[in-house]
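Colleague: Sharing run-v3.tsv here; it has TSV, C-alpha atoms.
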chain	number	residue	atom	x	y	z
A	1	MET	CA	-13.73	25.66	-23.93
A	2	SER	CA	-16.18	22.95	-22.88
A	3	GLU	CA	-19.07	23.46	-20.52
A	4	PHE	CA	-18.90	22.24	-16.89
A	5	ASN	CA	-20.65	18.87	-16.57
A	6	LEU	CA	-22.38	18.82	-13.15
A	7	PRO	CA	-23.67	15.22	-13.41
A	8	LEU	CA	-20.18	13.96	-14.28
A	9	ALA	CA	-18.56	15.99	-11.50
A	10	SER	CA	-21.18	14.76	-9.02
A	11	ALA	CA	-20.64	11.12	-10.02
A	12	ILE	CA	-16.88	11.50	-9.64
A	13	ILE	CA	-17.33	13.09	-6.20
A	14	TRP	CA	-19.68	10.23	-5.22
A	15	MET	CA	-17.13	7.63	-6.38
A	16	VAL	CA	-14.06	9.30	-4.88
A	17	GLY	CA	-15.95	10.03	-1.67
A	18	LEU	CA	-16.99	6.40	-1.23
A	19	CYS	CA	-13.47	5.18	-2.02
A	20	LEU	CA	-11.82	7.72	0.26
A	21	VAL	CA	-14.16	7.34	3.25
A	22	GLY	CA	-14.21	3.56	2.81
A	23	GLY	CA	-10.43	3.49	2.76
A	24	LEU	CA	-10.16	5.70	5.84
A	25	MET	CA	-12.61	3.43	7.66
A	26	THR	CA	-10.57	0.34	6.79
A	27	PRO	CA	-7.47	0.41	8.98
A	28	ARG	CA	-5.10	-2.52	8.77
A	29	ALA	CA	-4.90	-2.95	12.54
A	30	ASP	CA	-3.38	-5.82	14.52
A	31	TRP	CA	-6.91	-6.95	15.27
A	32	TYR	CA	-7.60	-7.56	11.58
A	33	ALA	CA	-4.24	-9.28	11.05
A	34	ARG	CA	-5.05	-11.74	13.85
A	35	LEU	CA	-8.42	-12.73	12.37
A	36	ARG	CA	-8.61	-16.11	10.71
A	37	LYS	CA	-9.59	-15.62	7.08
A	38	PRO	CA	-10.43	-18.06	4.30
A	39	ALA	CA	-7.69	-19.06	1.88
A	40	TRP	CA	-9.77	-17.70	-1.01
A	41	GLN	CA	-9.72	-14.12	0.32
A	42	PRO	CA	-8.14	-11.79	-2.26
A	43	PRO	CA	-4.84	-10.17	-1.27
A	44	GLY	CA	-5.16	-6.86	0.57
A	45	TRP	CA	-3.65	-4.85	-2.28
A	46	ALA	CA	-6.52	-5.91	-4.61
A	47	PHE	CA	-9.30	-4.18	-2.67
A	48	GLY	CA	-8.37	-0.57	-3.50
A	49	PRO	CA	-8.12	-1.05	-7.27
A	50	GLY	CA	-11.15	-3.37	-7.24
A	51	TRP	CA	-13.37	-0.85	-5.46
A	52	THR	CA	-12.09	1.96	-7.68
A	53	ILE	CA	-13.10	0.06	-10.82
A	54	ILE	CA	-16.44	-1.09	-9.41
A	55	LEU	CA	-17.43	2.35	-8.14
A	56	GLY	CA	-16.11	3.98	-11.32
A	57	LEU	CA	-18.45	1.78	-13.37
A	58	ALA	CA	-21.33	2.68	-11.04
A	59	ALA	CA	-20.52	6.39	-11.39
A	60	TRP	CA	-20.52	5.97	-15.18
A	61	ALA	CA	-23.93	4.29	-14.84
A	62	ALA	CA	-25.23	7.27	-12.86
A	63	VAL	CA	-24.09	9.73	-15.54
A	64	ARG	CA	-25.59	7.63	-18.34
A	65	ALA	CA	-28.92	7.34	-16.52
A	66	TRP	CA	-28.93	11.03	-15.62
A	67	ASP	CA	-28.33	12.02	-19.23
A	68	ALA	CA	-31.03	9.63	-20.50
A	69	GLY	CA	-33.66	10.42	-17.88
A	70	ASP	CA	-36.33	13.04	-17.48
A	71	ALA	CA	-36.59	15.16	-14.29
A	72	ALA	CA	-38.46	12.46	-12.32
A	73	GLN	CA	-35.97	9.77	-13.36
A	74	GLN	CA	-33.06	12.05	-12.48
A	75	ARG	CA	-34.54	12.44	-8.99
A	76	ASP	CA	-34.78	8.64	-8.76
A	77	VAL	CA	-31.11	8.31	-9.75
A	78	LEU	CA	-30.15	10.70	-6.94
A	79	ILE	CA	-32.23	8.75	-4.42
A	80	LEU	CA	-30.87	5.37	-5.53
A	81	PHE	CA	-27.24	6.48	-5.36
A	82	GLY	CA	-27.79	8.40	-2.12
A	83	VAL	CA	-29.35	5.42	-0.35
A	84	ASN	CA	-26.58	3.19	-1.67
A	85	ALA	CA	-23.93	5.59	-0.33
A	86	VAL	CA	-25.44	5.35	3.17
A	87	PHE	CA	-25.31	1.55	3.18
A	88	HIS	CA	-21.92	1.46	1.46
A	89	LEU	CA	-20.42	3.76	4.07
A	90	ALA	CA	-21.95	1.84	7.00
A	91	TRP	CA	-20.14	-1.45	6.42
A	92	SER	CA	-16.48	-0.54	7.02
A	93	PRO	CA	-16.98	1.21	10.37
A	94	LEU	CA	-18.99	-1.77	11.62
A	95	PHE	CA	-16.39	-4.30	10.51
A	96	PHE	CA	-13.15	-2.43	11.12
A	97	LYS	CA	-13.68	0.49	13.50
A	98	LEU	CA	-16.06	-1.32	15.85
A	99	GLN	CA	-14.35	-4.67	15.13
A	100	ARG	CA	-17.74	-6.33	14.68
A	101	PRO	CA	-17.76	-8.51	11.55
A	102	ASP	CA	-21.01	-10.01	12.87
A	103	TRP	CA	-22.72	-6.59	12.81
A	104	ALA	CA	-21.25	-5.88	9.38
A	105	LEU	CA	-22.72	-9.18	8.18
A	106	ILE	CA	-26.17	-8.04	9.34
A	107	GLU	CA	-25.70	-4.81	7.34
A	108	VAL	CA	-24.57	-6.54	4.10
A	109	PRO	CA	-28.07	-7.52	2.87
A	110	PHE	CA	-29.09	-3.85	3.04
A	111	LEU	CA	-26.03	-2.85	0.98
A	112	TRP	CA	-26.70	-5.64	-1.52
A	113	ALA	CA	-30.38	-4.66	-1.77
A	114	SER	CA	-29.39	-1.03	-2.39
A	115	VAL	CA	-27.17	-2.12	-5.29
A	116	LEU	CA	-29.92	-4.35	-6.67
A	117	ALA	CA	-32.34	-1.40	-6.37
A	118	MET	CA	-29.87	0.68	-8.39
A	119	MET	CA	-29.89	-1.93	-11.16
A	120	ILE	CA	-33.67	-2.27	-11.15
A	121	GLY	CA	-34.20	1.48	-10.99
A	122	LEU	CA	-31.73	2.25	-13.77
A	123	TRP	CA	-32.99	-0.46	-16.14
A	124	PRO	CA	-36.02	1.43	-17.54
A	125	ILE	CA	-33.94	4.59	-17.92
A	126	ASP	CA	-30.85	3.02	-19.56
A	127	SER	CA	-30.36	-0.75	-19.55
A	128	GLN	CA	-26.63	-0.38	-20.28
A	129	ALA	CA	-26.29	1.82	-17.21
A	130	ALA	CA	-27.99	-0.88	-15.15
A	131	LEU	CA	-25.52	-3.47	-16.47
A	132	LEU	CA	-22.59	-1.27	-15.43
A	133	VAL	CA	-23.72	-1.82	-11.82
A	134	LEU	CA	-23.58	-5.62	-12.16
A	135	PRO	CA	-19.92	-5.91	-11.02
A	136	TYR	CA	-20.85	-3.96	-7.87
A	137	LEU	CA	-23.69	-6.38	-7.16
A	138	ALA	CA	-21.42	-9.39	-7.76
A	139	TRP	CA	-18.64	-7.97	-5.57
A	140	VAL	CA	-21.00	-7.25	-2.67
A	141	ALA	CA	-22.31	-10.84	-2.94
A	142	PHE	CA	-18.71	-12.13	-2.86
A	143	ALA	CA	-17.82	-9.78	0.00
A	144	ALA	CA	-20.87	-11.03	1.92
A	145	SER	CA	-19.64	-14.61	1.63
A	146	LEU	CA	-16.18	-13.49	2.75
A	147	ASN	CA	-17.70	-11.58	5.68
A	148	TRP	CA	-19.76	-14.64	6.63
A	149	LYS	CA	-16.67	-16.87	6.54
A	150	VAL	CA	-14.72	-14.44	8.76
A	151	VAL	CA	-17.57	-14.52	11.28
A	152	ASP	CA	-17.69	-18.32	11.06
A	153	LEU	CA	-13.90	-18.68	11.58
A	154	ASN	CA	-13.79	-16.13	14.43
A	155	PRO	CA	-16.68	-16.71	16.83
A	156	ARG	CA	-16.99	-14.01	19.48
Represent the structure contained in this file as structure tokens.
Modeller:
Amino acid sequence: MSEFNLPLASAIIWMVGLCLVGGLMTPRADWYARLRKPAWQPPGWAFGPGWTIILGLAAWAAVRAWDAGDAAQQRDVLILFGVNAVFHLAWSPLFFKLQRPDWALIEVPFLWASVLAMMIGLWPIDSQAALLVLPYLAWVAFAASLNWKVVDLNPR
């Protein structure tokens, strides 16, 4: 029988937690349906699988970096992923629950910076782990442009 892998279990909990809480904070209300959105917005069904893949890659990055790092680097991995979780979980309630895409747009640079910090912080520990976070960084940049366009098309 194999030994319990705490870093792997923790990364899976991080990923599933972000997906689950993010999904619960993203209701498909009439308010959202009435918003004008750009034609290039992906279909609604694509967001769940997209986030699952992106956060799965980031969780894999965390495990790789944890396994490659010493105690100080492992602490840094926890801090980087913890800070990212805070900013990740802040966006959906701002946009959907409070119905304030403009406030969510103000929060996006902090989320993007937290993902960039993950990449920079992971690079000296395991460069391949840092590269696994690249789709997350790209998606947040794309989501920021989508958020900006929604704000632009729907002035308060």
Colleague: What are the centre and the three edge lengths of an axis-aligned box that wraps all atoms of segment 11-23 of chain A in the file, given that 6 Å is added to every side, written as JSON and rounded to one decimal in Å?
Modeller:
{"center_x": -15.5, "center_y": 8.3, "center_z": -3.4, "size_x": 22.2, "size_y": 21.6, "size_z": 25.3}
Colleague: What's the separation between atom CA of Leu111 of chain A and atom CA of Phe87 of chain A, in Å to one decimal place?
Modeller: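 One can read the atom CA of Leu111 of chain A to atom CA of Phe87 of chain A distance as 5.0 Å.
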Colleague: Determine, counting all atoms listed in the file, which protein, DNA and RNA residues have an atom within 10 Å of an atom of Gly56 of chain A; residues of the same chain fewer than 2 positions away are not included. Present the result as a PyMOL selection string.
Modeller: chain A and resi 11-12+14-16+19+50-54+58-62+132-133+136
Colleague: Compare A:Asn154, A:Leu18, A:Ser10, A:Gly23 by their minimum atom-to-atom distance to Val86 of chain A, counting all atoms listed in the file, and give me the closest one.
Modeller: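 Checking each candidate against Val86 of chain A, we get A:Leu18 as the closest.
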Colleague: From the set A:Phe142, A:Val151, A:Ala90, A:Ile106, which residue has the shortest atom-to-atom contact distance to Pro42 of chain A, counting only C-alpha atoms?
Modeller: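 Of all the options, A:Phe142 lies closest to Pro42 of chain A.
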Colleague: Which is closer to Leu105 of chain A than all the others in A:Trp66, A:Trp148, A:Phe81, A:Phe47, using all atoms listed in the file?
Modeller: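 Under the stated criterion, the closest residue is A:Trp148.
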Colleague: Which residue, A:Asn147, A:Asn84, A:Gln74, A:Gln99, has the smallest gap to Ala29 of chain A when you use only C-alpha atoms?
Modeller: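 Between A:Asn147, A:Asn84, A:Gln74, A:Gln99, the residue approaching Ala29 of chain A most closely is A:Gln99.
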Colleague: Which polymer residues have any atom within 9 Å of an atom of Ile125 of chain A, counting all atoms listed in the file, with same-chain residues fewer than 4 positions away left out, as a list in words?
Modeller: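 Here the qualifying residues turn out to be Arg64, Ala65, Trp66, Ala68, Gly69, Asp70, Gln73, Gly121, Ala129 and Ala130 of chain A.
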